[in-house]
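Visitor: Hey, dropping run27.csv in here, CSV, C-alpha atoms:
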```csv
chain,number,residue,atom,x,y,z
B,1469,MET,CA,79.4,40.4,133.8
B,1470,GLU,CA,82.2,41.3,136.1
B,1471,ALA,CA,82.3,44.7,137.9
B,1472,GLY,CA,85.4,45.8,136.0
B,1473,SER,CA,83.9,44.9,132.6
B,1474,LEU,CA,80.7,46.7,133.6
B,1475,SER,CA,82.6,49.9,134.4
B,1476,LEU,CA,84.6,49.7,131.2
B,1477,ALA,CA,81.4,49.2,129.2
B,1478,THR,CA,79.7,52.0,131.0
B,1479,ALA,CA,82.7,54.3,130.3
B,1480,ARG,CA,82.6,53.4,126.6
B,1481,LEU,CA,78.8,54.2,126.5
B,1482,ILE,CA,79.4,57.5,128.2
B,1483,ARG,CA,82.2,58.4,125.7
B,1484,ILE,CA,80.0,57.4,122.8
B,1485,ASN,CA,77.1,59.4,124.1
B,1486,MET,CA,79.4,62.5,124.7
B,1487,SER,CA,80.9,62.1,121.2
B,1488,PHE,CA,77.4,61.9,119.7
B,1489,ARG,CA,76.2,64.9,121.6
B,1490,GLN,CA,79.3,66.9,120.6
B,1491,SER,CA,78.8,65.9,116.9
B,1492,VAL,CA,75.2,66.9,117.1
B,1493,MET,CA,76.2,70.2,118.7
B,1494,ILE,CA,78.8,70.8,116.1
B,1495,THR,CA,76.4,69.9,113.3
B,1496,CYS,CA,73.7,72.3,114.7
B,1497,ARG,CA,76.3,75.0,115.2
B,1498,ASP,CA,77.6,74.7,111.6
B,1499,ALA,CA,74.0,74.6,110.3
B,1500,ALA,CA,73.3,77.8,112.3
B,1501,ARG,CA,76.3,79.4,110.8
B,1502,LEU,CA,75.4,78.3,107.3
B,1503,VAL,CA,71.8,79.7,107.8
B,1504,ALA,CA,73.2,82.9,109.2
B,1505,THR,CA,75.7,83.3,106.3
B,1506,VAL,CA,73.2,82.5,103.6
B,1507,GLY,CA,70.6,84.8,105.3
B,1508,TYR,CA,73.2,87.6,105.5
B,1509,TRP,CA,74.1,87.4,101.8
B,1510,LEU,CA,70.4,87.0,100.7
B,1511,LEU,CA,69.8,90.1,102.8
B,1512,LEU,CA,72.6,92.0,101.0
B,1513,GLU,CA,71.4,90.8,97.6
B,1514,GLU,CA,67.8,91.9,98.3
B,1515,MET,CA,68.6,95.1,100.3
B,1516,ASN,CA,67.6,98.3,98.6
B,1517,MET,CA,70.7,100.4,98.5
B,1518,ASP,CA,70.3,104.1,99.4
B,1519,ILE,CA,72.1,105.9,96.5
B,1520,LEU,CA,73.0,109.5,96.2
B,1521,LEU,CA,73.2,111.0,92.7
B,1522,PRO,CA,74.4,114.6,92.7
B,1523,THR,CA,73.4,116.6,89.6
B,1524,ALA,CA,75.0,119.8,88.6
B,1525,THR,CA,73.5,122.7,86.5
B,1526,PHE,CA,76.3,125.3,86.5
B,1527,PRO,CA,78.4,126.3,84.8
B,1528,ASP,CA,77.6,123.2,82.7
B,1529,ALA,CA,74.8,120.7,83.4
B,1530,THR,CA,75.6,117.0,84.2
B,1531,ALA,CA,75.4,115.0,80.9
B,1532,LYS,CA,72.2,113.1,80.6
B,1533,VAL,CA,74.1,110.2,79.0
B,1534,GLY,CA,76.1,109.8,82.2
B,1535,LEU,CA,73.0,110.2,84.3
B,1536,GLY,CA,71.4,107.4,82.3
B,1537,HIS,CA,74.4,105.2,83.2
B,1538,ALA,CA,74.0,106.1,86.8
B,1539,LEU,CA,70.2,105.3,86.9
B,1540,GLY,CA,70.8,102.1,85.0
B,1541,LEU,CA,73.3,100.9,87.5
B,1542,SER,CA,71.1,101.9,90.4
B,1543,ALA,CA,68.3,99.8,88.9
B,1544,ARG,CA,70.6,96.8,88.4
B,1545,LEU,CA,71.7,97.2,92.1
B,1546,GLY,CA,68.1,97.4,93.3
B,1547,GLY,CA,68.7,100.8,94.8
B,1548,ARG,CA,66.6,103.8,95.6
B,1549,VAL,CA,68.0,107.2,94.5
B,1550,THR,CA,68.1,110.6,96.0
B,1551,ALA,CA,69.1,113.2,93.5
B,1552,PRO,CA,70.1,116.6,94.9
B,1553,VAL,CA,70.0,119.0,91.9
B,1554,GLN,CA,72.1,122.2,92.1
B,1555,GLU,CA,70.4,125.6,91.9
B,1556,VAL,CA,73.1,128.3,92.1
B,1557,ASP,CA,72.7,131.4,94.2
B,1558,ILE,CA,75.1,134.1,93.0
B,1559,ALA,CA,76.5,136.3,95.8
B,1560,PRO,CA,75.5,140.0,95.4
B,1561,LEU,CA,78.3,142.1,93.8
B,1562,HIS,CA,78.5,145.7,95.1
B,1563,SER,CA,80.5,147.4,92.4
B,1564,ALA,CA,79.3,150.6,90.7
B,1565,LEU,CA,82.0,150.2,88.1
B,1566,GLY,CA,81.2,146.6,87.4
B,1567,GLU,CA,77.5,147.4,87.2
B,1568,ALA,CA,78.1,150.3,84.8
B,1569,LEU,CA,80.5,148.4,82.5
B,1570,LEU,CA,79.3,144.8,82.7
B,1571,GLY,CA,75.8,144.8,84.2
B,1572,VAL,CA,76.9,142.3,86.8
B,1573,SER,CA,73.5,142.2,88.5
B,1574,LYS,CA,71.8,141.1,85.3
B,1575,MET,CA,74.6,138.6,84.6
B,1576,ALA,CA,74.1,137.0,88.1
B,1577,ALA,CA,70.3,136.9,87.6
B,1578,ASP,CA,70.7,135.3,84.2
B,1579,ALA,CA,73.0,132.6,85.7
B,1580,GLU,CA,70.6,131.8,88.4
B,1581,ARG,CA,67.7,131.6,85.9
B,1582,LEU,CA,69.7,129.3,83.7
B,1583,SER,CA,70.5,127.1,86.6
B,1584,ARG,CA,66.9,126.9,87.7
B,1585,ASN,CA,65.7,126.1,84.2
B,1586,ARG,CA,68.2,123.3,83.9
B,1587,ALA,CA,67.3,122.0,87.3
B,1588,ASP,CA,63.6,121.8,86.3
B,1589,ASP,CA,64.5,120.1,83.0
B,1590,ILE,CA,66.9,117.6,84.5
B,1591,GLY,CA,64.5,116.8,87.4
B,1592,LEU,CA,61.7,116.0,85.0
B,1593,TRP,CA,64.1,113.9,82.9
B,1594,LEU,CA,65.3,112.0,85.9
B,1595,ARG,CA,61.8,111.2,87.1
B,1596,GLU,CA,60.7,109.9,83.7
B,1597,ARG,CA,63.9,107.8,83.2
B,1598,ALA,CA,63.6,106.3,86.7
B,1599,ASP,CA,60.0,105.5,86.2
B,1600,GLY,CA,60.9,103.6,83.0
B,1601,LEU,CA,63.4,101.6,84.9
B,1602,GLY,CA,61.0,100.9,87.8
B,1603,LEU,CA,63.4,102.8,90.1
B,1604,THR,CA,62.3,104.9,93.1
B,1605,ILE,CA,63.8,108.4,93.0
B,1606,GLU,CA,63.5,111.6,95.0
B,1607,VAL,CA,64.7,114.8,93.3
B,1608,SER,CA,65.4,117.7,95.5
B,1609,PRO,CA,66.9,121.2,94.8
B,1610,VAL,CA,70.0,122.3,96.6
B,1611,ARG,CA,70.4,126.1,96.5
B,1612,CYS,CA,74.0,127.1,97.1
B,1613,ARG,CA,76.9,129.2,95.8
B,1614,PRO,CA,78.4,127.8,92.6
B,1615,GLU,CA,81.6,126.8,94.4
B,1616,ALA,CA,79.8,125.3,97.5
B,1617,PHE,CA,78.0,122.4,95.9
B,1618,ALA,CA,80.5,119.9,97.4
B,1619,ASP,CA,80.0,121.4,100.9
B,1620,SER,CA,76.3,120.4,100.6
B,1621,LEU,CA,76.9,117.0,99.1
B,1622,VAL,CA,79.5,115.5,101.5
B,1623,PRO,CA,77.2,115.5,104.6
B,1624,LEU,CA,74.4,113.9,102.5
B,1625,ALA,CA,76.8,111.2,101.3
B,1626,ARG,CA,77.6,110.2,104.8
B,1627,TYR,CA,74.2,108.7,105.3
B,1628,HIS,CA,73.8,106.9,102.0
B,1629,ASP,CA,75.2,103.5,101.1
B,1630,LEU,CA,76.7,104.7,97.8
B,1631,THR,CA,77.3,108.0,96.0
B,1632,ILE,CA,77.3,107.9,92.2
B,1633,THR,CA,78.9,110.9,90.3
B,1634,VAL,CA,79.0,111.6,86.6
B,1635,LEU,CA,82.4,112.6,85.4
B,1636,ASP,CA,84.1,113.3,82.1
B,1637,GLY,CA,87.4,114.5,83.6
B,1638,THR,CA,87.4,117.9,81.8
B,1639,ASP,CA,85.4,120.0,84.3
B,1640,PRO,CA,87.7,121.1,87.2
B,1641,GLN,CA,84.7,122.0,89.4
B,1642,ARG,CA,83.1,118.5,89.0
B,1643,LEU,CA,86.5,116.9,89.6
B,1644,ALA,CA,86.9,118.9,92.9
B,1645,GLU,CA,83.5,117.8,94.0
B,1646,THR,CA,84.2,114.2,93.3
B,1647,GLU,CA,87.5,114.3,95.1
B,1648,ALA,CA,85.7,115.9,98.1
B,1649,LEU,CA,83.2,113.1,98.1
B,1650,ILE,CA,85.8,110.3,97.8
B,1651,PHE,CA,88.0,111.6,100.6
B,1652,GLY,CA,85.5,113.3,102.8
B,1653,SER,CA,82.3,111.2,102.8
B,1654,GLY,CA,83.7,108.1,104.5
B,1655,GLY,CA,81.9,105.9,102.0
B,1656,PRO,CA,82.3,104.5,98.5
B,1657,VAL,CA,81.9,106.7,95.4
B,1658,LEU,CA,81.1,105.2,92.0
B,1659,ILE,CA,82.1,107.4,89.1
B,1660,VAL,CA,80.5,106.9,85.7
B,1661,PRO,CA,81.6,108.3,82.4
B,1662,GLY,CA,79.8,111.4,81.2
B,1663,LEU,CA,79.7,109.8,77.7
B,1664,GLU,CA,79.4,106.3,76.4
B,1665,ALA,CA,81.3,103.7,78.4
B,1666,ALA,CA,83.7,101.2,76.8
B,1667,VAL,CA,81.6,98.3,78.1
B,1668,PRO,CA,77.8,98.6,78.0
B,1669,VAL,CA,76.4,99.6,81.4
B,1670,THR,CA,74.1,96.9,82.8
B,1671,GLU,CA,70.6,98.0,83.8
B,1672,GLN,CA,68.3,95.0,84.4
B,1673,ARG,CA,68.6,92.2,86.9
B,1674,ALA,CA,68.6,89.7,84.0
B,1675,THR,CA,71.7,91.3,82.5
B,1676,SER,CA,75.0,89.8,83.6
B,1677,LEU,CA,77.1,91.8,86.1
B,1678,ASN,CA,80.8,91.3,85.8
B,1679,VAL,CA,83.0,93.1,88.3
B,1680,MET,CA,86.8,93.5,88.4
B,1681,VAL,CA,88.5,94.2,91.8
B,1682,ALA,CA,92.0,95.7,91.7
B,1683,TRP,CA,94.1,94.1,94.4
B,1684,ASP,CA,97.5,95.3,95.7
B,1685,GLY,CA,97.2,94.2,99.3
B,1686,SER,CA,96.8,97.8,100.6
B,1687,GLN,CA,94.4,99.2,103.2
B,1688,ALA,CA,92.6,101.2,100.5
B,1689,ALA,CA,92.2,98.1,98.3
B,1690,SER,CA,90.8,96.2,101.3
B,1691,ARG,CA,88.4,99.0,102.2
B,1692,ALA,CA,87.2,99.1,98.6
B,1693,LEU,CA,86.6,95.4,98.5
B,1694,ARG,CA,84.5,95.4,101.7
B,1695,ASP,CA,82.6,98.5,100.6
B,1696,ALA,CA,81.8,96.8,97.4
B,1697,MET,CA,80.5,93.6,99.0
B,1698,PRO,CA,76.7,94.4,98.6
B,1699,ILE,CA,77.5,94.8,94.8
B,1700,LEU,CA,79.8,91.8,94.6
B,1701,ALA,CA,76.9,89.7,96.1
B,1702,ARG,CA,74.9,90.5,93.1
B,1703,ALA,CA,77.7,89.9,90.5
B,1704,ASP,CA,77.7,86.9,88.2
B,1705,LEU,CA,81.6,86.9,88.2
B,1706,VAL,CA,84.2,88.8,90.2
B,1707,SER,CA,87.7,89.0,88.7
B,1708,VAL,CA,90.5,89.8,91.2
B,1709,VAL,CA,93.3,91.5,89.2
B,1710,THR,CA,96.9,92.0,90.2
B,1711,ILE,CA,99.5,93.9,88.3
B,1712,GLY,CA,102.7,92.0,88.7
B,1713,ASP,CA,105.2,94.7,87.8
B,1714,ASP,CA,103.6,97.5,89.8
B,1715,LYS,CA,104.3,96.5,93.4
B,1716,ALA,CA,105.1,93.3,95.3
B,1717,ILE,CA,101.9,91.4,96.2
B,1718,GLU,CA,101.8,88.5,98.6
B,1719,PRO,CA,100.3,85.4,96.9
B,1720,ALA,CA,98.7,84.5,100.2
B,1721,GLY,CA,96.7,87.7,100.0
B,1722,VAL,CA,95.2,86.8,96.7
B,1723,VAL,CA,94.4,83.3,97.9
B,1724,GLY,CA,92.8,84.9,101.0
B,1725,ILE,CA,90.6,87.2,98.9
B,1726,GLN,CA,89.4,84.4,96.7
B,1727,ALA,CA,88.7,82.3,99.8
B,1728,LEU,CA,86.7,85.1,101.3
B,1729,LEU,CA,84.6,85.5,98.1
B,1730,GLU,CA,84.1,81.7,97.8
B,1731,HIS,CA,83.1,81.6,101.5
B,1732,HIS,CA,80.3,84.0,100.6
B,1733,GLY,CA,79.3,82.1,97.5
B,1734,ILE,CA,80.7,84.6,95.0
B,1735,ARG,CA,82.0,83.1,91.8
B,1736,ASN,CA,85.5,84.5,91.1
B,1737,LYS,CA,88.8,84.2,89.3
B,1738,HIS,CA,92.3,85.6,89.5
B,1739,VAL,CA,93.7,87.6,86.6
B,1740,GLN,CA,97.4,88.7,86.6
B,1741,ARG,CA,98.7,91.3,84.1
B,1742,GLU,CA,101.8,93.5,83.5
B,1743,ARG,CA,101.6,97.2,82.9
B,1744,GLY,CA,104.9,97.7,81.1
B,1745,SER,CA,105.3,101.4,80.4
B,1746,SER,CA,101.6,102.3,80.8
B,1747,GLN,CA,100.1,104.2,83.7
B,1748,ILE,CA,98.6,101.9,86.3
B,1749,GLY,CA,95.2,103.5,86.0
B,1750,ASP,CA,95.2,103.0,82.3
B,1751,THR,CA,96.3,99.4,82.7
B,1752,LEU,CA,93.5,98.6,85.2
B,1753,GLN,CA,90.9,100.1,82.9
B,1754,ALA,CA,92.3,98.3,79.9
B,1755,VAL,CA,92.2,94.9,81.7
B,1756,ALA,CA,88.7,95.6,83.0
B,1757,VAL,CA,87.5,96.3,79.4
B,1758,SER,CA,89.3,93.2,78.1
B,1759,GLN,CA,87.4,91.1,80.7
B,1760,ASP,CA,84.1,92.6,79.8
B,1761,ALA,CA,83.7,94.1,83.3
B,1762,ASN,CA,80.8,96.4,83.9
B,1763,LEU,CA,82.4,97.8,87.0
B,1764,LEU,CA,86.0,98.3,88.3
B,1765,VAL,CA,86.5,98.4,92.1
B,1766,MET,CA,89.7,100.0,93.4
B,1767,GLY,CA,91.1,101.8,96.4
B,1768,ALA,CA,91.6,105.6,96.2
B,1769,TYR,CA,94.9,107.1,97.3
B,1770,GLY,CA,95.7,110.7,98.3
B,1771,ARG,CA,97.9,112.6,100.7
B,1772,SER,CA,98.5,116.1,101.9
B,1773,ARG,CA,101.8,117.7,100.8
B,1774,LEU,CA,102.6,121.3,101.6
B,1775,GLN,CA,99.0,122.3,102.1
B,1776,GLU,CA,98.0,120.7,98.7
B,1777,PHE,CA,96.1,117.5,98.4
B,1778,VAL,CA,97.9,115.2,96.0
B,1779,LEU,CA,96.2,112.2,94.4
B,1780,GLY,CA,97.8,108.9,93.8
B,1781,GLY,CA,98.8,108.0,90.3
B,1782,ALA,CA,96.0,105.4,89.6
B,1783,THR,CA,93.4,107.6,91.2
B,1784,ARG,CA,94.3,110.6,89.2
B,1785,THR,CA,94.3,108.7,86.0
B,1786,VAL,CA,90.9,107.2,86.4
B,1787,LEU,CA,89.3,110.4,87.6
B,1788,HIS,CA,90.6,112.3,84.5
B,1789,ALA,CA,89.6,109.7,82.0
B,1790,PRO,CA,87.1,107.1,83.2
B,1791,ARG,CA,86.3,104.5,80.5
B,1792,LEU,CA,83.8,102.5,82.6
B,1793,PRO,CA,82.0,102.8,85.9
B,1794,ILE,CA,84.6,102.7,88.7
B,1795,LEU,CA,83.9,102.3,92.5
B,1796,LEU,CA,86.5,104.1,94.6
B,1797,SER,CA,86.9,103.9,98.3
B,1798,HIS,CA,89.4,105.6,100.6
```
Could you show the structure in this file as C-alpha cells?

Guide:
Amino acid sequence: MEAGSLSLATARLIRINMSFRQSVMITCRDAARLVATVGYWLLLEEMNMDILLPTATFPDATAKVGLGHALGLSARLGGRVTAPVQEVDIAPLHSALGEALLGVSKMAADAERLSRNRADDIGLWLRERADGLGLTIEVSPVRCRPEAFADSLVPLARYHDLTITVLDGTDPQRLAETEALIFGSGGPVLIVPGLEAAVPVTEQRATSLNVMVAWDGSQAASRALRDAMPILARADLVSVVTIGDDKAIEPAGVVGIQALLEHHGIRNKHVQRERGSSQIGDTLQAVAVSQDANLLVMGAYGRSRLQEFVLGGATRTVLHAPRLPILLSH
C-alpha cells in the first residue's frame, strides 16, 4: 500500500474512531440525563409532602366535612400533616361600665373555654381520621388573639411544601387568613370547600387523580404550574385549559407547556373553552367539573390600590365560592 493511501486509510480510521467515541459519549450522556430525569420524578412522586392544615375554632369551628376533604387529599398526595389548631386568647377589657352592664370578663372567659373545647374535639377527630387514612399527623395548639391567627400561620407556611385551608366563602375572618397565606407565605395554598365538593375528593392512591391547570401565559400561572409539579407527577391526567375570549394566549405557550409535561412523563391534553358573559372564575370551575377534575390549579392575582389590597377577578370568585379543591399560587 502506498504511503498516500496509508495516510488516507489512517485518517478514515481516526475519524471513525472519533465518531464512535462521540456517539458513545452522547449515548452515555443521554442515558445519564434520562436516569436523572426519571429519578427526579420518581423522587417527586414518592416524596412525602409537608402539609400545613390550619384549623380554626372561633368564632366558628372549621367544618369537619372540609377537614375530611383536606385529609383525604393529603393521603392521596402521600403527605404528612401539621395541624395548628386555634385556641383564642381574649385581651383583658378594663371597663367598669362594660363589666357592670355586660359582664365582659365572663364573656371573654366563656369564649376562651368554647375555643379550647372545640380545639380538643377537633384535635381528637383529626387524629382518628388521619389514622383511618394511614396518614401521619401532628396536632398542635396555637394560642393567639382571635384576629391574629393569620400572623401565626404565615411563618409556619413558609417552611411547608403546601398549605391546605378549608373555605366556604362566607366567613370574612377565614377569607382574610386565606388571602394572607396566598400572598404572604411564598408558597402554594390549596383551598378545599367547607361542604361537599362538586367532584368527589380523591383519597387513596388507587383512585384516579385528574388535575386541570388554568393557563393564560402569565407569571402567576407559570408559578402555579411549577408549584403544582409534585402533584402533577402523581396525576393520571392533566388538562391544560385556556379560555379563548378572556385574554390573548400565544399558541406556542400552550405547546410549550404540553411539551414540558410530556418531557416529564405526565399524560396531558389541551382544552379550550369560551366564557361568554360568565365570570372567569366561574368558567374555570365549571370546565374543571365538566372534565371530572379533582383539582384545579391556577395563578392568584392581587395588587395594592390606595392602601387596600384588591384581588383579581378570578381569584376573588373562587375564594368566595369554591366548588372543588383549588391550588392557588402567587

Visitor: Could you pull the residues within 8 Å of Val1709 in chain B, counting all atoms listed in the file, minus those fewer than 4 positions along the same chain, as a short mmCIF file (atom, residue, chain, number, x, y, z; two decimals) with C-alpha atoms, in the coordinates of the input?

Guide:
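Final output, saved to selection31.cif:
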```
data_model
loop_
_atom_site.label_atom_id
_atom_site.label_comp_id
_atom_site.auth_asym_id
_atom_site.auth_seq_id
_atom_site.Cartn_x
_atom_site.Cartn_y
_atom_site.Cartn_z
CA MET B 1680 86.80 93.50 88.40
CA VAL B 1681 88.50 94.20 91.80
CA ALA B 1682 92.00 95.70 91.70
CA TRP B 1683 94.10 94.10 94.40
CA HIS B 1738 92.30 85.60 89.50
CA VAL B 1739 93.70 87.60 86.60
CA GLN B 1740 97.40 88.70 86.60
CA ARG B 1741 98.70 91.30 84.10
#
```

Visitor: One decimal, Å: what's the distance from CA of Ser1653 in chain B over to CA of Val1722 in chain B, could you say?

Guide: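 The value is 28.3 Å.
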
Visitor: Can you write out as JSON lines which residues of range 1651-1758 of chain B fall within 12 Å of range 1528-1532 of chain B, alongside each residue's closest atom pair and its distance in Å to one decimal, counting all atoms listed in the file and ordering rows by chain and ascending residue number?

Guide:
```
{"residue": "B:Val1660", "atom": "CA", "partner": "B:Ala1531", "partner_atom": "CA", "distance": 10.7}
{"residue": "B:Pro1661", "atom": "CA", "partner": "B:Ala1531", "partner_atom": "CA", "distance": 9.3}
{"residue": "B:Gly1662", "atom": "CA", "partner": "B:Ala1531", "partner_atom": "CA", "distance": 5.7}
{"residue": "B:Leu1663", "atom": "CA", "partner": "B:Ala1531", "partner_atom": "CA", "distance": 7.5}
{"residue": "B:Glu1664", "atom": "CA", "partner": "B:Ala1531", "partner_atom": "CA", "distance": 10.6}
```

Visitor: Using CA of Asn1762 in chain B and CA of Val1723 in chain B as the two end points, give the distance in Å to one decimal.

Guide: 23.5 Å

Visitor: Using all atoms listed in the file, pick whichever of B:Leu1729, B:Val1607, B:Val1533, B:Met1697 has the shortest atom-to-atom distance to Arg1548 in chain B.

Guide: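 The shortest atom-to-atom distance to Arg1548 in chain B comes from B:Val1607.
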
Visitor: Taking the partial coordinates given, rebuild range 1710-1722 of chain B to contain N, CA and C atoms; return it as a compact mmCIF listing (two decimals), keeping the file's coordinate frame.

Guide:
```
# COMPACT_ATOMS: atom_id res chain seq x y z
N THR B 1710 95.62 91.49 89.65
CA THR B 1710 96.90 92.00 90.20
C THR B 1710 97.79 92.37 89.06
N ILE B 1711 98.54 93.43 89.27
CA ILE B 1711 99.50 93.90 88.30
C ILE B 1711 100.90 93.55 88.76
N GLY B 1712 101.50 92.55 88.13
CA GLY B 1712 102.70 92.00 88.70
C GLY B 1712 103.91 92.89 88.72
N ASP B 1713 104.05 93.83 87.78
CA ASP B 1713 105.20 94.70 87.80
C ASP B 1713 104.95 96.07 88.35
N ASP B 1714 103.87 96.20 89.13
CA ASP B 1714 103.60 97.50 89.80
C ASP B 1714 104.14 97.53 91.18
N LYS B 1715 103.75 96.56 92.01
CA LYS B 1715 104.30 96.50 93.40
C LYS B 1715 104.23 95.01 93.80
N ALA B 1716 105.06 94.66 94.78
CA ALA B 1716 105.10 93.30 95.30
C ALA B 1716 103.80 92.93 95.97
N ILE B 1717 103.20 91.82 95.57
CA ILE B 1717 101.90 91.40 96.20
C ILE B 1717 102.09 89.97 96.68
N GLU B 1718 101.73 89.78 97.95
CA GLU B 1718 101.80 88.50 98.60
C GLU B 1718 100.81 87.51 97.94
N PRO B 1719 101.26 86.37 97.43
CA PRO B 1719 100.30 85.40 96.90
C PRO B 1719 99.25 84.97 97.87
N ALA B 1720 99.64 84.90 99.15
CA ALA B 1720 98.70 84.50 100.20
C ALA B 1720 97.52 85.47 100.28
N GLY B 1721 97.78 86.73 99.99
CA GLY B 1721 96.70 87.70 100.00
C GLY B 1721 95.67 87.48 98.97
N VAL B 1722 96.13 87.13 97.76
CA VAL B 1722 95.20 86.80 96.70
C VAL B 1722 94.39 85.58 97.00
```
